[in-house]
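One file, model20.cif, is given below (mmCIF, C-alpha atoms).
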data_protein
#
loop_
_atom_site.label_atom_id
_atom_site.label_comp_id
_atom_site.auth_asym_id
_atom_site.auth_seq_id
_atom_site.Cartn_x
_atom_site.Cartn_y
_atom_site.Cartn_z
CA MET A 7 30.53 2.65 -21.26
CA HIS A 8 32.07 0.72 -24.15
CA PRO A 9 30.43 -2.39 -25.62
CA VAL A 10 32.19 -5.65 -24.85
CA PRO A 11 33.58 -7.09 -28.13
CA GLN A 12 33.02 -10.64 -29.28
CA ARG A 13 35.70 -12.76 -27.77
CA LEU A 14 37.58 -16.04 -27.82
CA LEU A 15 36.76 -17.37 -24.37
CA LEU A 16 39.22 -18.89 -21.93
CA LYS A 17 37.73 -20.30 -18.72
CA LYS A 18 39.22 -19.68 -15.33
CA LYS A 19 37.82 -20.84 -11.98
CA TRP A 20 37.48 -18.38 -9.12
CA ASN A 21 36.78 -19.02 -5.47
CA CYS A 22 33.51 -17.78 -3.95
CA LEU A 23 33.14 -17.36 -0.21
CA LEU A 24 29.35 -17.36 -0.23
CA CYS A 25 28.11 -19.76 -2.89
CA SER A 26 28.92 -22.21 -5.63
CA GLU A 27 29.35 -20.11 -8.72
CA PRO A 28 29.88 -20.96 -12.40
CA GLU A 29 33.25 -20.71 -14.04
CA THR A 30 34.19 -17.19 -15.02
CA GLU A 31 35.14 -16.47 -18.60
CA VAL A 32 38.30 -14.51 -19.28
CA SER A 33 38.59 -13.63 -22.92
CA VAL A 34 40.74 -12.59 -25.85
CA PRO A 35 39.21 -10.49 -28.66
CA ARG A 36 38.55 -12.29 -31.95
CA LYS A 37 40.79 -9.83 -33.75
CA ILE A 38 43.77 -11.14 -31.79
CA ARG A 39 42.75 -14.73 -32.59
CA ARG A 40 42.65 -13.95 -36.35
CA ASN A 41 46.09 -12.41 -36.12
CA ILE A 42 47.40 -15.54 -34.46
CA VAL A 43 45.96 -17.73 -37.20
CA THR A 44 47.21 -15.62 -40.11
CA ALA A 45 50.65 -14.61 -38.84
CA ASN A 46 53.25 -16.45 -40.92
CA SER A 47 56.55 -15.17 -39.66
CA PHE A 48 58.51 -15.10 -36.45
CA VAL A 49 58.11 -11.32 -36.29
CA GLY A 50 54.37 -11.62 -36.85
CA TYR A 51 53.99 -14.16 -34.04
CA SER A 52 56.11 -12.03 -31.73
CA ILE A 53 53.97 -8.96 -32.35
CA VAL A 54 50.78 -10.94 -31.72
CA LEU A 55 52.11 -12.43 -28.49
CA LEU A 56 53.27 -9.02 -27.32
CA THR A 57 49.83 -7.60 -28.12
CA ILE A 58 48.18 -10.31 -26.03
CA LEU A 59 50.49 -9.59 -23.10
CA ILE A 60 49.73 -5.87 -23.31
CA LEU A 61 46.02 -6.61 -23.56
CA PHE A 62 45.98 -8.67 -20.39
CA SER A 63 48.35 -6.45 -18.43
CA GLY A 64 46.32 -3.36 -19.35
CA ALA A 65 42.80 -4.71 -18.78
CA ALA A 66 40.72 -2.65 -16.37
CA TYR A 67 40.36 -5.47 -13.88
CA ALA A 68 44.04 -6.34 -13.55
CA ALA A 69 46.03 -3.47 -14.92
CA ASP A 70 49.73 -3.32 -14.16
CA GLN A 71 49.88 0.34 -15.19
CA SER A 72 48.64 2.37 -12.27
CA SER A 73 47.00 4.90 -14.60
CA ALA A 74 44.59 2.18 -15.78
CA VAL A 75 43.51 1.47 -12.25
CA PHE A 76 43.78 4.77 -10.42
CA GLU A 77 42.05 7.43 -12.47
CA ILE A 78 41.07 10.61 -10.68
CA GLY A 79 38.75 12.46 -13.02
CA LYS A 80 40.41 12.79 -16.41
CA LYS A 81 43.94 12.90 -15.03
CA GLN A 82 45.81 9.61 -15.04
CA LEU A 83 48.09 9.42 -12.03
CA SER A 84 51.37 7.59 -11.63
CA GLN A 85 51.82 4.96 -8.96
CA ASP A 86 54.64 6.65 -7.05
CA LYS A 87 53.57 10.32 -7.00
CA GLY A 88 50.19 11.32 -8.35
CA PHE A 89 48.15 8.60 -6.71
CA PHE A 90 49.42 9.31 -3.23
CA GLU A 91 48.97 13.05 -3.75
CA LYS A 92 45.30 12.40 -4.47
CA VAL A 93 44.51 9.23 -2.51
CA GLY A 94 45.67 8.63 1.05
CA LEU A 95 46.25 5.02 2.03
CA PHE A 96 45.71 3.40 5.41
CA LEU A 97 46.54 -0.23 6.19
CA PHE A 98 44.67 -1.85 9.07
CA GLY A 99 46.58 -4.86 10.29
CA SER A 100 45.93 -6.83 13.46
CA LYS A 101 47.43 -4.55 16.10
CA GLY A 102 45.95 -5.53 19.43
CA VAL A 103 44.70 -8.84 18.05
CA GLU A 104 46.91 -11.60 19.40
CA ASP A 105 46.27 -14.16 16.64
CA GLY A 106 45.73 -11.77 13.71
CA PHE A 107 42.90 -11.74 11.18
CA SER A 108 41.79 -14.66 9.07
CA THR A 109 39.44 -14.17 6.11
CA VAL A 110 37.85 -10.77 6.58
CA THR A 111 34.41 -10.38 5.04
CA GLY A 112 32.01 -7.70 6.30
CA VAL A 113 32.96 -4.32 7.75
CA ALA A 114 30.92 -1.54 9.35
CA VAL A 115 31.53 1.73 11.19
CA ASP A 116 29.55 3.51 13.89
CA GLN A 117 29.05 7.25 14.43
CA ASP A 118 32.29 7.44 16.43
CA ASP A 119 34.27 5.80 13.61
CA ASN A 120 34.82 2.56 15.50
CA ILE A 121 35.32 -0.24 12.97
CA TYR A 122 33.54 -3.60 13.22
CA LEU A 123 35.12 -6.43 11.28
CA ALA A 124 33.66 -9.87 10.53
CA ASP A 125 36.58 -12.30 10.87
CA SER A 126 34.95 -15.21 9.10
CA GLU A 127 37.20 -18.22 9.62
CA LYS A 128 37.69 -17.44 13.31
CA GLY A 129 33.98 -16.94 13.92
CA ARG A 130 34.14 -13.55 15.61
CA ILE A 131 33.63 -9.82 15.30
CA VAL A 132 36.68 -7.66 15.99
CA VAL A 133 36.14 -4.05 17.05
CA LEU A 134 38.80 -1.41 16.34
CA ASN A 135 38.60 2.00 17.99
CA GLU A 136 39.02 5.32 16.18
CA LYS A 137 42.81 4.88 16.42
CA ARG A 138 42.44 1.50 14.69
CA ILE A 139 43.54 -0.46 17.75
CA ALA A 140 41.53 -3.59 18.57
CA LYS A 141 39.38 -3.57 21.68
CA PRO A 142 40.25 -6.38 24.12
CA ASN A 143 37.22 -8.64 23.75
CA ASP A 144 35.99 -10.21 20.53
CA ILE A 145 32.26 -10.49 19.91
CA GLY A 146 30.52 -13.74 19.05
CA ARG A 147 33.22 -16.25 19.91
CA ASN A 148 31.69 -19.69 20.57
CA ILE A 149 28.48 -18.44 18.91
CA LEU A 150 29.36 -17.50 15.33
CA LYS A 151 30.67 -19.97 12.77
CA ASP A 152 30.96 -17.99 9.54
CA PRO A 153 30.04 -14.31 9.98
CA ILE A 154 29.67 -12.46 6.69
CA GLY A 155 27.55 -9.30 6.87
CA ILE A 156 27.65 -6.79 9.69
CA ALA A 157 25.79 -3.58 10.56
CA VAL A 158 25.71 -1.25 13.58
CA ASP A 159 22.80 0.98 14.58
CA SER A 160 22.84 4.35 16.34
CA SER A 161 22.71 2.69 19.77
CA LYS A 162 25.74 0.56 18.74
CA LYS A 163 23.83 -2.68 18.67
CA ILE A 164 25.59 -5.06 16.29
CA TYR A 165 23.82 -7.15 13.65
CA VAL A 166 25.64 -10.11 12.11
CA THR A 167 24.65 -12.67 9.48
CA ASP A 168 26.17 -16.14 9.68
CA SER A 169 26.15 -18.03 6.38
CA MET A 170 26.96 -21.40 7.96
CA LEU A 171 24.38 -21.26 10.73
CA ASN A 172 21.83 -19.49 8.50
CA GLU A 173 20.98 -17.01 11.22
CA LEU A 174 20.96 -13.32 12.01
CA PHE A 175 22.44 -12.46 15.40
CA ILE A 176 21.93 -9.24 17.35
CA PHE A 177 24.44 -8.24 20.05
CA ASP A 178 24.32 -5.35 22.50
CA PRO A 179 27.18 -2.77 22.55
CA GLU A 180 29.04 -4.87 25.11
CA GLY A 181 28.91 -7.93 22.88
CA ASN A 182 26.20 -9.86 24.71
CA LEU A 183 23.80 -11.83 22.54
CA VAL A 184 20.36 -10.22 22.50
CA LYS A 185 18.55 -12.25 19.87
CA SER A 186 19.00 -14.67 17.00
CA ILE A 187 16.62 -14.76 14.05
CA ALA A 188 15.53 -17.50 11.64
CA GLY A 189 17.42 -20.65 10.72
CA SER A 190 17.87 -22.90 7.69
CA GLY A 191 15.04 -23.16 5.18
CA THR A 192 13.31 -21.78 2.12
CA GLU A 193 10.09 -20.62 3.77
CA SER A 194 9.49 -17.02 4.81
CA GLY A 195 11.73 -15.91 7.66
CA LYS A 196 14.28 -18.67 7.01
CA PHE A 197 17.68 -18.32 5.36
CA GLN A 198 20.04 -20.08 3.02
CA ARG A 199 23.51 -18.55 3.32
CA PRO A 200 22.58 -15.00 4.33
CA SER A 201 25.16 -12.32 3.66
CA GLY A 202 24.57 -8.55 3.52
CA ILE A 203 22.52 -6.70 6.10
CA LEU A 204 21.09 -3.19 6.23
CA VAL A 205 19.59 -1.65 9.37
CA ASP A 206 17.25 1.14 8.24
CA GLU A 207 16.30 2.86 11.48
CA LYS A 208 14.29 5.60 9.78
CA ALA A 209 12.06 3.00 8.10
CA GLY A 210 12.08 0.78 11.20
CA ARG A 211 13.30 -2.33 9.42
CA ILE A 212 16.18 -4.75 8.97
CA ILE A 213 16.90 -6.03 5.46
CA VAL A 214 18.92 -9.22 4.94
CA SER A 215 20.25 -10.64 1.68
CA ASP A 216 19.01 -14.24 1.73
CA THR A 217 21.69 -15.19 -0.77
CA GLY A 218 20.96 -18.87 -1.36
CA ASN A 219 17.23 -18.21 -1.71
CA HIS A 220 17.82 -15.35 -4.19
CA ARG A 221 15.74 -12.80 -2.28
CA LEU A 222 15.75 -10.11 0.38
CA GLN A 223 14.04 -10.72 3.73
CA ILE A 224 12.58 -7.80 5.62
CA PHE A 225 12.15 -7.76 9.42
CA ASP A 226 10.84 -5.07 11.72
CA ALA A 227 13.04 -3.31 14.28
CA ASN A 228 12.33 -6.10 16.80
CA GLY A 229 13.45 -8.81 14.40
CA GLU A 230 9.99 -10.06 13.49
CA PHE A 231 9.50 -11.20 9.90
CA VAL A 232 7.53 -8.77 7.71
CA SER A 233 7.94 -9.77 4.07
CA PHE A 234 10.38 -10.79 1.38
CA LEU A 235 11.34 -9.29 -1.95
CA GLY A 236 12.37 -11.05 -5.15
CA HIS A 237 13.12 -14.53 -6.44
CA GLU A 238 15.71 -16.08 -8.72
CA GLY A 239 15.97 -14.42 -12.11
CA GLY A 240 17.47 -11.62 -14.16
CA GLY A 241 14.59 -9.17 -14.35
CA ASN A 242 13.88 -6.10 -12.26
CA SER A 243 13.40 -6.99 -8.57
CA GLU A 244 14.78 -10.46 -9.33
CA PHE A 245 18.11 -11.68 -8.03
CA LYS A 246 20.75 -14.31 -8.52
CA TYR A 247 22.75 -14.59 -5.31
CA PRO A 248 22.26 -11.08 -3.88
CA THR A 249 24.94 -10.16 -1.37
CA PHE A 250 25.74 -6.79 0.19
CA LEU A 251 23.41 -3.82 0.77
CA ALA A 252 23.67 -0.07 1.29
CA LYS A 253 21.46 2.99 1.69
CA ASP A 254 22.12 6.40 0.11
CA PRO A 255 21.50 9.84 1.67
CA ASN A 256 18.04 9.91 0.05
CA GLY A 257 16.95 6.66 1.72
CA ARG A 258 17.20 4.48 -1.38
CA THR A 259 18.36 0.88 -0.95
CA TYR A 260 21.13 -0.54 -3.15
CA VAL A 261 21.39 -4.32 -3.61
CA VAL A 262 24.44 -6.03 -5.11
CA ASP A 263 22.97 -8.67 -7.43
CA THR A 264 26.18 -10.66 -7.60
CA ILE A 265 25.80 -13.32 -10.30
CA ASN A 266 23.78 -10.92 -12.47
CA SER A 267 26.78 -8.54 -12.16
CA ARG A 268 24.74 -5.48 -11.37
CA VAL A 269 23.41 -3.23 -8.62
CA GLN A 270 19.65 -2.73 -8.25
CA ILE A 271 18.22 0.39 -6.63
CA PHE A 272 14.92 0.57 -4.71
CA ASP A 273 12.97 3.46 -3.25
CA GLN A 274 12.02 3.88 0.40
CA ARG A 275 9.08 1.50 -0.09
CA LEU A 276 11.41 -1.04 -1.74
CA LYS A 277 9.92 -0.47 -5.18
CA PHE A 278 12.34 -0.93 -8.06
CA LEU A 279 13.84 2.29 -9.44
CA SER A 280 16.83 1.48 -11.61
CA LYS A 281 19.98 -0.59 -11.98
CA PHE A 282 23.53 -0.25 -13.22
CA GLY A 283 26.39 -2.57 -14.16
CA ASP A 284 26.67 -5.69 -16.31
CA HIS A 285 29.09 -8.51 -17.09
CA GLY A 286 32.34 -7.16 -18.53
CA ASP A 287 35.86 -5.97 -17.89
CA ALA A 288 35.54 -2.29 -18.89
CA LEU A 289 35.14 0.57 -16.45
CA GLY A 290 31.60 0.44 -15.07
CA PHE A 291 31.22 -3.31 -15.61
CA PHE A 292 31.62 -6.09 -13.05
CA GLY A 293 33.09 -9.57 -12.77
CA ARG A 294 31.72 -10.60 -9.38
CA PRO A 295 30.51 -7.59 -7.34
CA LYS A 296 30.22 -8.06 -3.57
CA GLY A 297 30.56 -5.21 -1.08
CA ILE A 298 28.94 -1.79 -1.47
CA ALA A 299 29.03 1.49 0.41
CA ILE A 300 27.82 5.03 -0.26
CA ASP A 301 29.40 8.21 1.09
CA LYS A 302 27.74 11.46 2.18
CA GLY A 303 28.05 12.87 -1.32
CA GLY A 304 26.17 9.94 -2.82
CA ARG A 305 29.24 8.36 -4.45
CA ILE A 306 28.99 4.58 -4.66
CA TYR A 307 31.79 2.09 -4.01
CA VAL A 308 31.45 -1.51 -5.21
CA ALA A 309 34.01 -4.24 -4.49
CA ASP A 310 34.69 -6.75 -7.27
CA ALA A 311 35.96 -10.06 -5.90
CA ILE A 312 37.18 -11.35 -9.28
CA PHE A 313 38.81 -8.25 -10.72
CA ASN A 314 40.26 -7.34 -7.30
CA VAL A 315 39.24 -3.68 -7.47
CA VAL A 316 36.73 -1.25 -6.03
CA SER A 317 34.69 0.56 -8.69
CA VAL A 318 33.70 4.13 -7.83
CA PHE A 319 30.53 5.67 -9.28
CA ASP A 320 29.09 9.15 -8.94
CA LYS A 321 25.63 9.85 -7.52
CA ASP A 322 24.16 9.36 -11.02
CA ASN A 323 25.66 5.85 -11.24
CA LYS A 324 28.33 6.87 -13.76
CA ALA A 325 31.68 5.11 -13.40
CA MET A 326 34.48 7.39 -12.20
CA MET A 327 37.55 5.32 -11.31
CA LEU A 328 38.94 2.10 -9.86
CA LEU A 329 40.74 1.54 -6.57
CA GLY A 330 43.09 -1.40 -6.03
CA LYS A 331 46.12 -2.65 -7.91
CA GLU A 332 47.67 -6.09 -8.29
CA SER A 333 51.26 -4.95 -8.89
CA ASN A 334 51.50 -2.73 -5.81
CA LEU A 335 51.48 -4.67 -2.54
CA LYS A 336 50.38 -1.67 -0.50
CA THR A 337 47.28 -1.00 -2.54
CA SER A 338 46.55 -4.36 -4.15
CA LEU A 339 43.33 -6.12 -3.22
CA TYR A 340 42.68 -9.84 -3.27
CA SER A 341 39.01 -10.81 -3.36
CA PRO A 342 37.67 -7.65 -1.65
CA MET A 343 34.29 -8.02 0.01
CA GLY A 344 32.65 -5.65 2.50
CA ILE A 345 33.08 -1.87 2.34
CA ALA A 346 32.26 0.97 4.72
CA VAL A 347 32.85 4.73 4.66
CA ASN A 348 33.57 6.58 7.89
CA SER A 349 32.71 10.16 8.86
CA LYS A 350 36.01 11.45 7.42
CA GLY A 351 35.32 9.88 4.04
CA VAL A 352 37.83 7.05 4.39
CA VAL A 353 36.71 4.08 2.28
CA ILE A 354 37.45 0.96 4.32
CA VAL A 355 37.69 -2.28 2.35
CA ALA A 356 37.65 -5.83 3.72
CA ASP A 357 40.58 -7.22 1.73
CA SER A 358 39.49 -10.77 2.43
CA GLN A 359 42.25 -12.98 1.07
CA ASN A 360 45.02 -10.57 2.12
CA LYS A 361 43.56 -10.86 5.63
CA ARG A 362 43.44 -7.14 6.31
CA LEU A 363 41.47 -3.92 5.95
CA VAL A 364 42.62 -1.24 3.55
CA GLY A 365 41.45 2.37 3.76
CA PHE A 366 41.47 4.84 0.87
CA LYS A 367 40.96 8.59 1.26
CA ILE A 368 40.12 10.27 -2.04
CA ASN A 369 40.21 14.05 -2.48
CA PHE A 370 37.44 14.56 -5.00
#
Output the file's structure in the form of structure tokens.
Amino acid sequence: MHPVPQRLLLKKKWNCLLCSEPETEVSVPRKIRRNIVTANSFVGYSIVLLTILILFSGAAYAADQSSAVFEIGKKQLSQDKGFFEKVGLFLFGSKGVEDGFSTVTGVAVDQDDNIYLADSEKGRIVVLNEKRIAKPNDIGRNILKDPIGIAVDSSKKIYVTDSMLNELFIFDPEGNLVKSIAGSGTESGKFQRPSGILVDEKAGRIIVSDTGNHRLQIFDANGEFVSFLGHEGGGNSEFKYPTFLAKDPNGRTYVVDTINSRVQIFDQRLKFLSKFGDHGDALGFFGRPKGIAIDKGGRIYVADAIFNVVSVFDKDNKAMMLLGKESNLKTSLYSPMGIAVNSKGVVIVADSQNKRLVGFKINF
């Protein structure tokens, strides 16, 4: 990873679906600023302005050159040929859904590759079968207000967090409400804007990101409160607006620590192991990380809602590439949130503000 240079800061506001967040700083290196000050000719100013334009168009988080966004190993691929030879693209629209999607947030898959989508503004869960056609009945209508996180267990029970109602809902495979957990508050077992959820059947627990309370809440398999982990801060096992969660093939839990711009990793007993990521716009850094998923090979996918990309890391947490591109409508992402990986290795991204799901298949 490359150190982030000192910069002349320009502030830009970004929308957050889960919480009130500070302004984000978008920056120009000091070297460019000195050139602007010292340039004394029309040609000099033109060169400086052109340099700034190239800088912003080529930044990792918003590159207009596809090679800066889609890097497969060391080979930089073109937008029209190389990328599609290496990465297959699937677009999930609203086929079978009469009124289409609104803001899509969480996404999950079951063992049969059915897709479960949290359609936030419409307060429902949409289920797509393995052919990506919506099943006839939505889940949670007239119950959910703002579903964010979603998980499905091996029996196809569906777990949904609602950040407006501050509750965790459990539905059976047919969509009937089985149980609701917690409610608004700061005490143990209560939530403030919950988001990500992880059902760890092997450990017999349910973990919920209690985003507004800057902690994780742990429940047993029956939904009874067990304990919580963390508090507001920037140290190990501390969080600032934690959001989405994932588990790797070795049973380790990954927590997206959103405002701290990092991912924290915990062992099977939820003891801190390590972390990766930091504030920055280089490969391996984050602006505002949200969704996370891990494939069978241990590769990690993290959605960045500010830089509109998905960062891909290997099993040793080393940055590999970026998915998503602003200049290509088919692959561009706009405030991506939840991510899931199905049995075929398709990375399914909740492209929230484009109101769709996008699937990437990468041939590693």
Point to revise | Distance of atom CA of A:Ala140 from atom CA of A:Ala227, expressed in Å to one decimal place | key: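 Atom-to-atom, atom CA of A:Ala227 to atom CA of A:Ala140, that is 28.8 Å.
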Revision key, fill the gap. A straight line from atom CA of A:Leu363 to atom CA of A:Gly286 spans 26.3 Å
Practice item. Identify all residues satisfying the PyMOL selection byres ((chain A and resi 355) around 6) in the given file; provide them as a list of chain:residue names. Key: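 This file gives the following for the PyMOL selection byres ((chain A and resi 355) around 6): A:Ile345, A:Ile354, A:Ala356, A:Asp357, A:Leu363, A:Val364.
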Exercise for review: Go ahead and compute the interatomic distance for atom CA of A:Asn228 and atom CA of A:Asp116, in Å to one decimal.
Suggested key: 19.9 Å
Exercise for review: With a distance cut-off of 7 Å and all atoms listed in the file, select the neighbouring residues of A:Ser201, excluding the residue or stretch itself and same-chain residues fewer than 3 positions from it, and output the selection as a VMD selection string.
Suggested key: chain A and resid 154 to 155 167 169 215 to 217 249 to 250
Practice item. Tell me which of A:Pro342, A:Gly229, A:Pro153, A:Gly202 sits closest to A:Ile187, counting all atoms listed in the file. Key: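 Using all atoms listed in the file, the shortest distance to A:Ile187 belongs to A:Gly229.
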Practice item. Return the single residue from A:Thr337, A:Asn323, A:Ser108, A:Ser161 that is closest to A:Gln270, with distances computed using only C-alpha atoms. Key: A:Asn323
Review point. Within 10 Å of A:Ser186, counting only C-alpha atoms, which residues qualify if same-chain residues fewer than 3 places away don't, as a PyMOL selection string?
Key: chain A and resi 165-167+173-177+183+189+229
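Taken over the shown file, the PyMOL selection byres ((chain A and resi 339) around 8) identifies Asn314, Val315, Gly330, Lys331, Glu332, Thr337, Ser338, Tyr340, Ser341, Pro342, Asp357 and Asn360 of chain A.
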Exercise for review: Using the chain letters and numbering of this document, enumerate as a list in words the residues selected by the PyMOL selection byres ((chain A and resi 144) around 7).
Suggested key: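 After applying the PyMOL selection byres ((chain A and resi 144) around 7), what remains is Arg130, Ile131, Val132, Pro142, Asn143, Ile145, Gly146 and Arg147 of chain A.
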